[in-house]
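Student: Quick one: structure below, then a few questions.
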Amino acid sequence: MQSREELLGNEKINKLMMQMAIPSVIAQIINILYSIIDRMYIGHIPHVGTDSLTGIGLTFPIITFISAFSAFVGTGGAPLSAIALGKGDRDHAEKILGNGVFLLTAFTVVLMGFFYAFQKPLLYMFGASDATYPYASTYISIYLIGTLFVLISLGLNPYIISQGQPRIAMFSVLIGAIVNIVLDPIFIFGFGWGVKGAALATIISQAISAIWVISFLVGKKSTLKIKLPQIKPHGRTLKSICALGVSPFVMRSTESLISIVLNRGLQMYGGDLYVGSLTVLQSVMQLISAPISGFTQGVQPIISYNYGAAKFDRVRETYRKMISICFVFSFVATLSTILFPELFAAMFTNDAALIALVNEKMPIFMFGMLLFGLQMGVQPTFISLGQAKVSLFIALLRKVILLVPFALILPCFLGVQGVYIAEPISDITSAVVATSLFVFHIKKILNEESLNRVA
């Protein structure tokens, strides 16, 4: 009987993609529910729901920035460990995992110290007002206590997937999400703790997920194990994780930058209600991007393993199907938000004014996501093949090179409408460029690797 990792190189691609992707999609959807459910409950708190929802939205840059470090270690190291497994080098794969644990622990200390020290000026810089700051401060102060749990649960889960165990990875997220879903209404409404209750429910659930992940990676069922000697930092290993991890890190962390720029523009040209609309719009965008991210995360080990094993026909078949599925799903899901924006707005608030504003702006804001599924399939393919430089450029293109300048310049001519228009322009442009780069580079990458094997 073949081991789970051997199936990555021998099982039929369609069956393997289903086995790997479905648990990962479920895990990613469940993971995003941590923040989405918080916002749904908080937005419906009587009398203060809109201000509370806006306050929670203002913490999004900090939360996203913290999670970016888990992507740095997980998405940066897991494909490398899968490639190592494909080559039969288990010792190196475990060294990558161990150094990932070291990085996550170090990041925890730095992040907690920084955000506790500069919390207030940062939140006001992000667009907080005197009405919304207390809710934002309460939530993030409690959330930061669980930084290590967040980084461990999100950062090490990809290493479980990389060894062909997506169901285990799914359960690690599922357990925490169930706890969060149960505790949220109890803490928020039952105990009357409001925003404080939502934050407490989140860190308790993340702690349970982290315990599950660690328990598996030190247990007998894991083919990759956390071993104390391998946690000792190794320069070359850290460098390889950082080189590949910088792309997903930039892609995730620049979400924080985008939120800051958009929030400030909406506050300047509109006010608290417009800042609140962005919380809803970004939440809906996450509902679309999360399943795609889960799907690509599940499929990536197939590409990486077969690339490491020099099975290039399987690599080609897998990335073609992955990119096609990403595009179709993104197009259909985005179209539903454009056609029924009020339905999605009502999920997060019962404020008539906020619903009306979201109903007006969502078709504009979401339009670029019709094509963005192409980029969401292309970039993970580059990462799976260890192509750090190209994937980094694609990550920078959409947000730093395009969206930030557009979000700063367009409002000068179009007012608050310019903030909303900046998003689709950037999404469409970056999707076209990323796809063009992929078509140009992919044959060269596989041909060069094939020649290197022969040499």
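Chain labels run A, B, ... following the order of the structure tokens; each chain numbers its residues from 1, and ligands are numbered from 1 in the order shown.
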Find the residues around Gly9 in chain A up to 7 Å (only C-alpha atoms counted), leave out those fewer than 2 positions away in its own chain, and share them as a PDB file with N, CA and C atoms, in the first residue's frame.
Tutor:
```pdb
ATOM      1  N   GLU A   6       3.506   9.180  -1.376  1.00  0.00           N
ATOM      2  CA  GLU A   6       3.722   8.479  -2.648  1.00  0.00           C
ATOM      3  C   GLU A   6       2.540   8.655  -3.581  1.00  0.00           C
ATOM      4  N   LEU A   7       1.357   8.781  -3.016  1.00  0.00           N
ATOM      5  CA  LEU A   7       0.162   9.006  -3.843  1.00  0.00           C
ATOM      6  C   LEU A   7       0.246  10.322  -4.598  1.00  0.00           C
ATOM      7  N   GLU A  11      -1.130   8.841  -7.967  1.00  0.00           N
ATOM      8  CA  GLU A  11      -2.591   8.836  -8.065  1.00  0.00           C
ATOM      9  C   GLU A  11      -3.050   9.662  -9.272  1.00  0.00           C
ATOM     10  N   TYR A 305       5.550  18.348  -5.285  1.00  0.00           N
ATOM     11  CA  TYR A 305       6.076  16.985  -5.161  1.00  0.00           C
ATOM     12  C   TYR A 305       6.481  16.447  -6.521  1.00  0.00           C
ATOM     13  N   ASN A 306       5.619  16.605  -7.510  1.00  0.00           N
ATOM     14  CA  ASN A 306       5.910  16.068  -8.844  1.00  0.00           C
ATOM     15  C   ASN A 306       7.007  16.852  -9.550  1.00  0.00           C
TER      16      ASN A 306
END
```
Student: Which residues are close to Leu111 in chain A, i.e. within 10 Å by only C-alpha atoms, leaving aside same-chain residues fewer than 2 positions away? Reply as a PyMOL selection string.
Tutor: chain A and resi 62+65-66+69+106-109+113-117+144+147-148
Student: Extract, using only C-alpha atoms, all DNA, RNA and protein residues at most 10 Å from His92 in chain A, discarding same-chain residues fewer than 3 positions from it, and format them as a count of residues only.
Tutor: 12
Student: My list of candidates is A:Phe189, A:Tyr274, A:Phe438, A:Phe372. Which is closest to Gln417 in chain A when distances are computed with only C-alpha atoms?
Tutor: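 Closest residue, counting only C-alpha atoms: A:Tyr274.
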Student: So, with only C-alpha atoms as the atoms that count, which of A:Ile32, A:Ser141, A:Ala199, A:Phe191 lies closest to Leu154 in chain A?
Tutor: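 Going through A:Ile32, A:Ser141, A:Ala199, A:Phe191 one by one, the smallest distance to Leu154 in chain A is for A:Ile32.
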Student: Just checking: using only C-alpha atoms, which residue out of A:Val433, A:Leu174, A:Ile323, A:Leu357 ends up closest to Leu281 in chain A?
Tutor: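 Checking each of A:Val433, A:Leu174, A:Ile323, A:Leu357 against Leu281 in chain A, counting only C-alpha atoms, the winner is A:Leu357.
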Student: Provide the CA of Ser172 in chain A to CA of Ile204 in chain A distance in Å, to one decimal place.
Tutor: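 These two atoms are separated by 13.5 Å.
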Student: Hey, can you check how far CA of Ala243 in chain A sits from CA of Ser391 in chain A?
Tutor: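 Distance reported for this atom pair: 10.6 Å.
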